[in-house]
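S.K.: So here's query-v4.txt, just compact mmCIF, C-alpha atoms and all ligand atoms:
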# COMPACT_ATOMS: atom_id res chain seq x y z
CA MET A 26 65.93 71.26 199.40
CA SER A 27 62.87 69.46 198.05
CA PRO A 28 63.42 66.59 195.62
CA SER A 29 61.85 68.56 192.76
CA SER A 30 63.99 71.70 193.24
CA ARG A 31 67.06 69.51 193.65
CA CYS A 32 66.09 67.87 190.38
CA ILE A 33 65.84 71.26 188.64
CA LEU A 34 69.22 72.30 190.05
CA VAL A 35 70.77 69.11 188.78
CA LEU A 36 69.32 69.69 185.34
CA LEU A 37 70.57 73.27 185.26
CA ILE A 38 74.07 72.13 186.12
CA GLY A 39 73.74 69.53 183.43
CA ILE A 40 72.61 71.93 180.73
CA LEU A 41 75.49 74.29 181.58
CA SER A 42 78.03 71.52 181.16
CA MET A 43 76.48 69.84 178.11
CA ALA A 44 79.48 70.70 175.97
CA LEU A 45 81.57 68.32 178.06
CA THR A 46 79.64 65.27 177.01
CA ALA A 47 79.79 62.96 174.04
CA GLN A 48 77.36 60.48 172.57
CA ALA A 49 77.97 56.84 173.38
CA GLY A 50 76.79 53.74 171.59
CA ILE A 51 77.28 53.05 167.88
CA ILE A 52 73.71 53.86 166.82
CA GLN A 53 73.57 56.99 168.95
CA ARG A 54 76.83 58.25 167.49
CA LEU A 55 75.66 57.56 163.94
CA GLU A 56 72.30 59.20 164.72
CA SER A 57 74.22 62.30 165.80
CA SER A 58 75.85 62.33 162.31
CA GLN A 59 79.30 61.15 163.41
CA SER A 60 81.41 59.21 160.94
CA MET A 61 82.66 55.95 162.39
CA LYS A 62 85.40 53.48 161.58
CA ILE A 63 83.88 50.20 162.70
CA THR A 64 86.31 47.31 163.05
CA ALA A 65 86.21 43.65 163.99
CA ILE A 66 88.72 41.21 165.41
CA GLY A 67 88.00 37.53 165.87
CA THR A 68 88.00 34.05 164.39
CA SER A 69 86.77 32.53 161.14
CA LEU A 70 83.21 33.17 162.38
CA THR A 71 83.97 36.83 161.62
CA ALA A 72 86.56 36.36 158.86
CA THR A 73 84.51 34.26 156.43
CA ALA A 74 82.71 35.91 153.51
CA ASN A 75 79.20 37.30 153.97
CA ASN A 76 79.04 36.60 157.71
CA TRP A 77 77.35 38.53 160.53
CA PHE A 78 79.93 41.37 160.41
CA THR A 79 79.66 41.89 156.65
CA GLN A 80 75.87 41.93 157.00
CA THR A 81 75.90 44.25 160.02
CA GLY A 82 78.24 46.60 158.18
CA ALA A 83 76.04 46.61 155.06
CA TRP A 84 73.00 47.40 157.21
CA LEU A 85 74.74 50.32 158.95
CA GLN A 86 76.12 51.68 155.65
CA ASN A 87 72.63 51.53 154.18
CA GLU A 88 71.07 53.27 157.19
CA TYR A 89 73.82 55.89 157.53
CA PRO A 90 75.18 56.50 154.02
CA GLY A 91 78.72 57.87 153.92
CA GLN A 92 79.21 57.64 157.71
CA VAL A 93 80.45 54.09 158.14
CA THR A 94 83.86 52.69 157.18
CA LEU A 95 84.53 49.02 157.92
CA SER A 96 87.73 47.16 158.70
CA ASN A 97 87.58 43.43 159.30
CA ARG A 98 90.85 42.09 160.78
CA ALA A 99 89.54 38.73 161.96
CA VAL A 100 91.67 35.70 161.04
CA GLY A 101 90.51 32.12 160.59
CA ALA A 102 91.73 29.57 163.21
CA SER A 103 92.91 32.35 165.52
CA ALA A 104 92.32 32.56 169.25
CA SER A 105 92.71 35.42 171.74
CA ALA A 106 96.47 35.21 172.41
CA TYR A 107 97.98 32.04 171.20
CA ASN A 108 99.83 30.62 168.26
CA PRO A 109 98.45 27.16 167.61
CA PRO A 110 101.15 24.48 167.23
CA GLY A 111 102.41 24.19 163.68
CA TYR A 112 101.28 27.69 162.69
CA PRO A 113 103.94 30.23 163.78
CA PRO A 114 105.66 32.19 162.47
CA THR A 115 103.59 32.26 159.28
CA GLY A 116 100.32 31.11 160.81
CA PRO A 117 97.17 33.03 161.70
CA GLN A 118 97.58 36.15 163.70
CA ASP A 119 96.20 35.89 167.22
CA GLY A 120 93.85 38.36 168.89
CA MET A 121 96.57 40.61 170.28
CA GLY A 122 98.15 40.88 166.82
CA GLN A 123 94.82 41.69 165.21
CA LEU A 124 94.13 44.32 167.86
CA ASN A 125 97.55 45.87 167.36
CA ASP A 126 96.77 46.27 163.66
CA VAL A 127 93.39 47.85 164.43
CA LEU A 128 94.92 50.32 166.89
CA THR A 129 97.95 51.23 164.78
CA LEU A 130 96.35 51.20 161.30
CA ASP A 131 92.60 51.79 161.63
CA ASP A 132 92.04 54.73 164.03
CA PRO A 133 88.92 52.84 165.26
CA ASP A 134 85.72 54.30 166.70
CA ALA A 135 84.22 50.90 167.45
CA ILE A 136 85.65 47.39 167.83
CA PHE A 137 83.70 44.12 167.78
CA ILE A 138 85.49 41.28 169.61
CA GLU A 139 84.86 37.52 169.53
CA PHE A 140 87.42 34.82 170.32
CA ALA A 141 85.56 32.62 172.80
CA ILE A 142 84.71 29.94 170.22
CA ASN A 143 88.38 29.22 169.53
CA ASP A 144 89.61 29.90 173.05
CA ALA A 145 87.30 26.98 173.95
CA TYR A 146 88.84 24.72 171.28
CA THR A 147 90.52 21.99 173.32
CA VAL A 148 93.44 21.60 170.87
CA TYR A 149 94.61 25.13 171.68
CA GLY A 150 94.63 24.49 175.41
CA ILE A 151 93.56 27.99 176.44
CA THR A 152 92.02 27.89 179.90
CA LEU A 153 88.86 29.74 180.78
CA ALA A 154 90.88 32.03 183.06
CA GLN A 155 93.35 32.79 180.23
CA SER A 156 90.51 33.53 177.84
CA GLN A 157 89.02 36.04 180.26
CA ALA A 158 92.42 37.55 181.10
CA ASN A 159 93.18 37.99 177.40
CA LEU A 160 89.86 39.75 176.82
CA GLN A 161 90.56 42.03 179.79
CA THR A 162 94.00 42.82 178.35
CA MET A 163 92.41 43.74 175.01
CA ILE A 164 89.86 46.00 176.71
CA ASP A 165 92.64 47.68 178.72
CA MET A 166 94.71 48.16 175.55
CA ILE A 167 91.76 49.70 173.71
CA ARG A 168 90.88 52.05 176.57
CA ALA A 169 94.51 53.11 177.03
CA TRP A 170 94.73 53.79 173.29
CA GLY A 171 91.47 55.77 173.47
CA THR A 172 92.76 57.87 176.37
CA SER A 173 96.02 58.66 174.59
CA HIS A 174 94.14 59.55 171.39
CA GLY A 175 91.42 61.56 173.12
CA LYS A 176 88.53 59.40 171.98
CA MET A 177 86.13 56.83 173.35
CA VAL A 178 86.01 53.57 171.43
CA ASP A 179 82.74 51.65 171.44
CA LEU A 180 83.37 48.04 172.40
CA VAL A 181 81.07 45.21 171.40
CA VAL A 182 81.91 41.87 173.01
CA GLN A 183 79.97 38.89 171.70
CA SER A 184 79.06 35.29 172.12
CA LEU A 185 78.33 33.69 168.75
CA ASN A 186 76.84 30.33 167.81
CA ASP A 187 76.90 27.06 169.72
CA CYS A 188 79.31 24.41 168.49
CA TYR A 189 79.80 20.78 169.49
CA LEU A 190 83.13 20.00 167.81
CA MET A 191 85.92 19.71 170.42
CA ARG A 192 84.56 22.57 172.48
CA PRO A 193 82.90 20.89 175.49
CA ASN A 194 83.11 24.00 177.68
CA LEU A 195 82.11 26.60 175.10
CA PRO A 196 79.11 27.85 177.16
CA SER A 197 81.51 28.63 180.05
CA TYR A 198 83.82 30.56 177.71
CA TYR A 199 80.87 32.57 176.43
CA GLN A 200 79.81 33.21 180.03
CA GLY A 201 83.38 34.29 180.75
CA TYR A 202 83.10 36.87 177.98
CA GLU A 203 79.83 38.14 179.41
CA SER A 204 81.39 38.43 182.90
CA VAL A 205 84.37 40.41 181.65
CA ALA A 206 82.10 42.72 179.64
CA SER A 207 79.90 43.23 182.68
CA ALA A 208 82.92 43.98 184.89
CA ASN A 209 83.94 46.68 182.38
CA ALA A 210 80.45 48.12 181.94
CA SER A 211 80.17 51.65 180.60
CA PRO A 212 78.06 53.44 178.00
CA TYR A 213 80.76 52.39 175.52
CA MET A 214 80.59 48.66 176.30
CA LEU A 215 77.96 46.34 174.88
CA PHE A 216 77.70 42.58 175.29
CA ILE A 217 75.66 40.78 172.63
CA ASP A 218 74.46 37.28 173.41
CA ASN A 219 73.93 35.31 170.20
CA TYR A 220 74.56 31.96 171.85
CA THR A 221 71.14 31.78 173.53
CA ASN A 222 69.31 32.13 170.19
CA TRP A 223 71.52 29.60 168.42
CA LYS A 224 71.25 27.10 171.29
CA TYR A 225 67.47 27.51 171.28
CA LEU A 226 67.37 26.76 167.55
CA HIS A 227 69.59 23.71 168.07
CA ASP A 228 67.32 22.38 170.82
CA THR A 229 64.02 23.08 169.07
CA ASN A 230 64.76 22.60 165.36
CA LEU A 231 67.91 20.56 164.77
CA PRO A 232 67.28 20.05 161.02
CA LEU A 233 67.17 23.82 160.49
CA TRP A 234 70.23 24.32 162.72
CA ASN A 235 72.06 21.77 160.54
CA THR A 236 71.04 23.72 157.44
CA TYR A 237 72.24 26.99 158.94
CA ILE A 238 75.54 25.56 160.29
CA PRO A 239 76.38 22.91 157.69
CA ASP A 240 79.95 22.23 158.91
CA GLY A 241 79.03 22.35 162.60
CA VAL A 242 81.04 25.53 163.26
CA HIS A 243 80.37 28.30 160.70
CA PRO A 244 76.88 29.71 160.07
CA SER A 245 75.96 30.05 156.40
CA PRO A 246 75.12 33.53 155.10
CA THR A 247 71.42 32.61 155.46
CA GLY A 248 72.00 31.39 159.01
CA ALA A 249 73.81 34.63 159.86
CA THR A 250 71.00 36.68 158.30
CA ASN A 251 68.25 34.83 160.14
CA VAL A 252 69.79 34.30 163.58
CA THR A 253 72.86 36.45 164.30
CA LEU A 254 72.11 39.65 162.38
CA PRO A 255 68.67 40.33 163.96
CA GLN A 256 70.15 39.94 167.46
CA VAL A 257 73.08 42.24 166.64
CA GLN A 258 70.69 44.83 165.20
CA SER A 259 68.35 44.62 168.17
CA SER A 260 71.20 44.88 170.69
CA LEU A 261 72.76 47.86 168.91
CA LEU A 262 69.41 49.65 168.61
CA ASN A 263 68.60 49.08 172.27
CA GLN A 264 72.03 49.75 173.73
CA LEU A 265 71.77 51.39 177.09
CA VAL A 266 71.24 55.09 176.51
CA PRO A 267 73.50 57.32 178.61
CA GLY A 268 71.20 59.04 181.07
CA ASP A 269 68.67 56.21 181.05
CA ALA A 270 68.92 55.09 184.67
CA THR A 271 65.68 53.11 184.51
CA GLY A 272 66.78 51.23 181.38
CA ASP A 273 63.47 51.80 179.55
CA GLY A 274 65.14 53.35 176.48
CA THR A 275 64.00 56.89 177.23
CA VAL A 276 65.75 59.67 179.11
CA ASN A 277 63.18 61.65 181.05
CA HIS A 278 62.03 62.89 184.46
CA GLU A 279 62.15 59.38 185.95
CA ASP A 280 65.87 59.18 185.28
CA ALA A 281 66.41 62.70 186.63
CA ALA A 282 64.53 61.71 189.77
CA ALA A 283 66.72 58.62 190.22
CA LEU A 284 69.83 60.74 189.86
CA ALA A 285 68.56 63.52 192.17
CA ALA A 286 67.67 60.99 194.86
CA ARG A 287 71.32 59.87 195.09
CA TRP A 288 73.02 63.19 194.38
CA GLY A 289 76.51 63.33 195.91
CA GLN A 290 76.32 59.73 197.05
CA SER A 291 77.79 56.51 195.77
CA GLY A 292 75.82 54.33 193.42
CA ASP A 293 75.70 52.55 190.11
CA TRP A 294 74.04 53.08 186.71
CA ALA A 295 70.50 52.64 188.05
CA ASP A 296 71.21 55.40 190.60
CA GLY A 297 72.44 57.79 187.91
CA ASP A 298 76.17 57.02 187.75
CA PHE A 299 76.44 57.29 183.96
CA ASP A 300 80.21 57.86 183.79
CA CYS A 301 80.72 54.77 185.96
CA ASP A 302 83.02 56.42 188.50
CA GLY A 303 80.94 55.14 191.40
CA VAL A 304 79.59 58.55 192.47
CA ILE A 305 76.51 60.50 191.39
CA GLY A 306 77.62 64.03 190.48
CA PRO A 307 77.74 66.88 187.95
CA VAL A 308 79.26 64.82 185.11
CA ASP A 309 76.40 62.34 185.41
CA ALA A 310 73.91 65.22 185.34
CA SER A 311 75.53 66.61 182.23
CA ILE A 312 75.29 63.21 180.53
CA LEU A 313 71.61 63.03 181.45
CA ALA A 314 70.97 66.55 180.20
CA ALA A 315 72.80 65.91 176.93
CA ASN A 316 70.51 62.97 176.22
CA TRP A 317 67.32 64.54 177.58
CA ASP A 318 64.24 63.29 175.71
CA TYR A 319 66.30 60.76 173.75
CA SER A 320 64.39 57.60 173.03
CA THR A 321 65.66 54.39 171.42
CA SER A 322 62.34 54.19 169.58
CA GLU A 323 63.51 57.16 167.49
CA ALA A 324 66.50 55.18 166.27
CA THR A 325 64.35 52.74 164.37
CA ILE A 326 65.05 51.06 161.07
CA VAL A 327 64.11 53.12 158.01
CA PRO A 328 61.00 51.71 156.26
CA GLU A 329 61.63 49.30 153.41
CA PRO A 330 61.27 50.74 149.88
CA SER A 331 58.03 48.77 149.43
CA THR A 332 56.60 50.48 152.53
CA LEU A 333 57.62 53.86 151.16
CA VAL A 334 55.93 53.03 147.86
CA LEU A 335 52.74 52.14 149.72
CA LEU A 336 52.93 55.35 151.74
CA GLY A 337 53.54 57.28 148.50
CA MET A 338 50.55 55.66 146.90
CA GLY A 339 48.45 56.58 149.92
CA ALA A 340 49.60 60.21 149.68
CA ALA A 341 48.87 60.28 145.91
CA GLY A 342 45.41 58.83 146.55
CA LEU A 343 44.71 61.47 149.18
CA LEU A 344 45.76 64.20 146.73
CA VAL A 345 43.37 62.86 144.08
CA TRP A 346 40.57 62.63 146.68
CA ARG A 347 41.16 66.25 147.79
CA ARG A 348 41.22 67.54 144.22
CA ARG A 349 37.96 65.78 143.45
CA HIS A 350 36.30 67.13 146.58
CA GLN A 351 37.65 70.64 146.05
CA GLY A 352 36.54 70.71 142.40
CA CA B 401 64.49 56.03 181.55
CA CA B 402 79.41 59.42 188.25
Before anything else, please render the file you have as structure tokens.

M.R.:
Amino acid sequence: MSPSSRCILVLLIGILSMALTAQAGIIQRLESSQSMKITAIGTSLTATANNWFTQTGAWLQNEYPGQVTLSNRAVGASASAYNPPGYPPTGPQDGMGQLNDVLTLDDPDAIFIEFAINDAYTVYGITLAQSQANLQTMIDMIRAWGTSHGKMVDLVVQSLNDCYLMRPNLPSYYQGYESVASANASPYMLFIDNYTNWKYLHDTNLPLWNTYIPDGVHPSPTGATNVTLPQVQSSLLNQLVPGDATGDGTVNHEDAAALAARWGQSGDWADGDFDCDGVIGPVDASILAANWDYSTSEATIVPEPSTLVLLGMGAAGLLVWRRRHQG
């Protein structure tokens, strides 16, 4: 069979089994008009008022009115799975406790996770290996819950800002988070790296960094708006599209060709294994077909009101011009 006819066959199989597939990625699911309960677990970096999560939630609620419900279960001074000395039994709830609440009370469609900053806090004594193991346990718990409830939960694992107060190995803990996310890669897993941007600001403009993180740990609302939020938005908008083997944000003939070339063989995402089972087959083709012609550029931010006003003025001007020239 020639590559092109094999490609057509694959697409036909895919179109026939389109009903089997579901959208993945928070923006994609919202774009397809799904309602989503979006939750967060984490430390004070997520629990404090008007932080990155509040701002991200407000942005999504503004872009997708009526579709987004938020639940923020982050607790200040918490770490992934540990009760700091002096806190229990009335102290902050650790990550496992927060996750239990999300799974039993929230019926989540998406969960943001960040504990690395406090796992790295030397006073808590959580090793890098424990931090990674705890994150893996949380991911396993979420996926098991999803399987038993018949739904896929979008996971967003993050590094947040840099911090130099009793956290000498924080970059390693952030890297640990990235490794665990990568080892659990799927269309429903996204790792967002905020650390690189914050570290860059620290190294290039320390006075501004000090303004944005006045206590050395917690970004101010302005800091969150100017550094964390744009990265979160960009990462969500550009999340790997199921079916996009080439990773260019568009699902088209190039991706079909990649998939056809490895049909029936083993491979990874770039070869067309979109359900991450290690083999390129009919389910992958159906995922590709379900997202055919999708482009991340379509999921762009709605123009600001001022832009709409300008566009409106342009349209009004055109109308006047046409009337004059018709009259
Ligand atoms: Ca592509
Ligand atoms: Ca597959």

S.K.: Write out as a short mmCIF file (atom, residue, chain, number, x, y, z; two decimals) with C-alpha atoms, keeping the file's coordinate frame the residues lying within 6 Å of segment 90-105 of chain A, counting only C-alpha atoms and excluding same-chain residues fewer than 3 positions away.

M.R.:
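Final output, part09.cif:
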data_model
loop_
_atom_site.label_atom_id
_atom_site.label_comp_id
_atom_site.auth_asym_id
_atom_site.auth_seq_id
_atom_site.Cartn_x
_atom_site.Cartn_y
_atom_site.Cartn_z
CA SER A 60 81.41 59.21 160.94
CA MET A 61 82.66 55.95 162.39
CA LYS A 62 85.40 53.48 161.58
CA ILE A 63 83.88 50.20 162.70
CA THR A 64 86.31 47.31 163.05
CA ALA A 65 86.21 43.65 163.99
CA ILE A 66 88.72 41.21 165.41
CA GLY A 67 88.00 37.53 165.87
CA THR A 68 88.00 34.05 164.39
CA SER A 69 86.77 32.53 161.14
CA THR A 71 83.97 36.83 161.62
CA ALA A 72 86.56 36.36 158.86
CA GLN A 86 76.12 51.68 155.65
CA ASN A 87 72.63 51.53 154.18
CA PRO A 117 97.17 33.03 161.70
CA ASP A 119 96.20 35.89 167.22
CA GLY A 120 93.85 38.36 168.89
CA GLN A 123 94.82 41.69 165.21
CA PHE A 140 87.42 34.82 170.32
CA ASN A 143 88.38 29.22 169.53
CA ASP A 144 89.61 29.90 173.05
#

S.K.: Need the shell around Arg192 of chain A: protein/DNA/RNA residues with any atom at most 8 Å away, counting only C-alpha atoms. Skip same-chain ones fewer than 3 positions apart. Format as a list in words?

M.R.: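 So the residues in contact are Ile142, Ala145, Tyr146, Thr147, Cys188, Tyr189 and Leu195 of chain A.
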
S.K.: May I ask you to write as an MDAnalysis selection string all residues lying at most 9 Å from ligand CA 401 (chain B), with only C-alpha atoms and all ligand atoms counted?

M.R.: chainID A and resid 266 268:281 320

S.K.: Would you export the selected residues with C-alpha atoms as a PDB file, keeping the file's coordinate frame, please?

M.R.:
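Saved to part_30.pdb:
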ATOM      1  CA  VAL A 266      71.240  55.090 176.510  1.00  0.00           C
ATOM      2  CA  GLY A 268      71.200  59.040 181.070  1.00  0.00           C
ATOM      3  CA  ASP A 269      68.670  56.210 181.050  1.00  0.00           C
ATOM      4  CA  ALA A 270      68.920  55.090 184.670  1.00  0.00           C
ATOM      5  CA  THR A 271      65.680  53.110 184.510  1.00  0.00           C
ATOM      6  CA  GLY A 272      66.780  51.230 181.380  1.00  0.00           C
ATOM      7  CA  ASP A 273      63.470  51.800 179.550  1.00  0.00           C
ATOM      8  CA  GLY A 274      65.140  53.350 176.480  1.00  0.00           C
ATOM      9  CA  THR A 275      64.000  56.890 177.230  1.00  0.00           C
ATOM     10  CA  VAL A 276      65.750  59.670 179.110  1.00  0.00           C
ATOM     11  CA  ASN A 277      63.180  61.650 181.050  1.00  0.00           C
ATOM     12  CA  HIS A 278      62.030  62.890 184.460  1.00  0.00           C
ATOM     13  CA  GLU A 279      62.150  59.380 185.950  1.00  0.00           C
ATOM     14  CA  ASP A 280      65.870  59.180 185.280  1.00  0.00           C
ATOM     15  CA  ALA A 281      66.410  62.700 186.630  1.00  0.00           C
ATOM     16  CA  SER A 320      64.390  57.600 173.030  1.00  0.00           C
TER      17      SER A 320
END

S.K.: For ligand CA 402 (chain B), collect every residue having any atom at a distance of at most 6 Å from a ligand atom (counting all atoms listed in the file); output as number ranges by chain.

M.R.: A: 298-306, 309

S.K.: Would you save the residues from that selection as a tab-separated table (two decimals), in the coordinates of the input, using C-alpha atoms?

M.R.:
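Contents of result.tsv, freshly written:
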chain	number	residue	atom	x	y	z
A	298	ASP	CA	76.17	57.02	187.75
A	299	PHE	CA	76.44	57.29	183.96
A	300	ASP	CA	80.21	57.86	183.79
A	301	CYS	CA	80.72	54.77	185.96
A	302	ASP	CA	83.02	56.42	188.50
A	303	GLY	CA	80.94	55.14	191.40
A	304	VAL	CA	79.59	58.55	192.47
A	305	ILE	CA	76.51	60.50	191.39
A	306	GLY	CA	77.62	64.03	190.48
A	309	ASP	CA	76.40	62.34	185.41

S.K.: For each of A:Ala106, A:Leu185, A:Met214, A:Met177, take the minimum atom-to-atom distance to Thr162 of chain A, counting all atoms listed in the file, then give the residue where this is smallest.

M.R.: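 Smallest distance to Thr162 of chain A is found for A:Ala106.
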
S.K.: Which residue is closest to Ser207 of chain A? Choose from A:Gln157, A:Thr236, A:Thr221, A:Thr73 and count all atoms listed in the file.

M.R.: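 Checking each of A:Gln157, A:Thr236, A:Thr221, A:Thr73 against Ser207 of chain A, counting all atoms listed in the file, the winner is A:Gln157.
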
S.K.: So which residues touch segment 197-205 of chain A within 9 Å, counting only C-alpha atoms, skipping near sequence neighbours fewer than 6 positions away, as an mmCIF file with C-alpha atoms, keeping the file's coordinate frame?

M.R.:
data_model
loop_
_atom_site.group_PDB
_atom_site.id
_atom_site.type_symbol
_atom_site.label_atom_id
_atom_site.label_comp_id
_atom_site.auth_asym_id
_atom_site.auth_seq_id
_atom_site.Cartn_x
_atom_site.Cartn_y
_atom_site.Cartn_z
ATOM 1 C CA GLU A 139 84.860 37.520 169.530
ATOM 2 C CA ALA A 141 85.560 32.620 172.800
ATOM 3 C CA ILE A 142 84.710 29.940 170.220
ATOM 4 C CA ASP A 144 89.610 29.900 173.050
ATOM 5 C CA ALA A 145 87.300 26.980 173.950
ATOM 6 C CA THR A 152 92.020 27.890 179.900
ATOM 7 C CA LEU A 153 88.860 29.740 180.780
ATOM 8 C CA ALA A 154 90.880 32.030 183.060
ATOM 9 C CA SER A 156 90.510 33.530 177.840
ATOM 10 C CA GLN A 157 89.020 36.040 180.260
ATOM 11 C CA ALA A 158 92.420 37.550 181.100
ATOM 12 C CA LEU A 160 89.860 39.750 176.820
ATOM 13 C CA GLN A 161 90.560 42.030 179.790
ATOM 14 C CA VAL A 182 81.910 41.870 173.010
ATOM 15 C CA GLN A 183 79.970 38.890 171.700
ATOM 16 C CA SER A 184 79.060 35.290 172.120
ATOM 17 C CA LEU A 185 78.330 33.690 168.750
ATOM 18 C CA PHE A 216 77.700 42.580 175.290
ATOM 19 C CA ILE A 217 75.660 40.780 172.630
ATOM 20 C CA ASP A 218 74.460 37.280 173.410
ATOM 21 C CA TYR A 220 74.560 31.960 171.850
#

S.K.: Please determine, counting all atoms listed in the file, which residue among A:Gln155, A:Ser58, A:Asn76, A:Lys176 has the shortest atom-to-atom distance to Thr247 of chain A.

M.R.: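 Counting all atoms listed in the file, the residue closest to Thr247 of chain A is A:Asn76.
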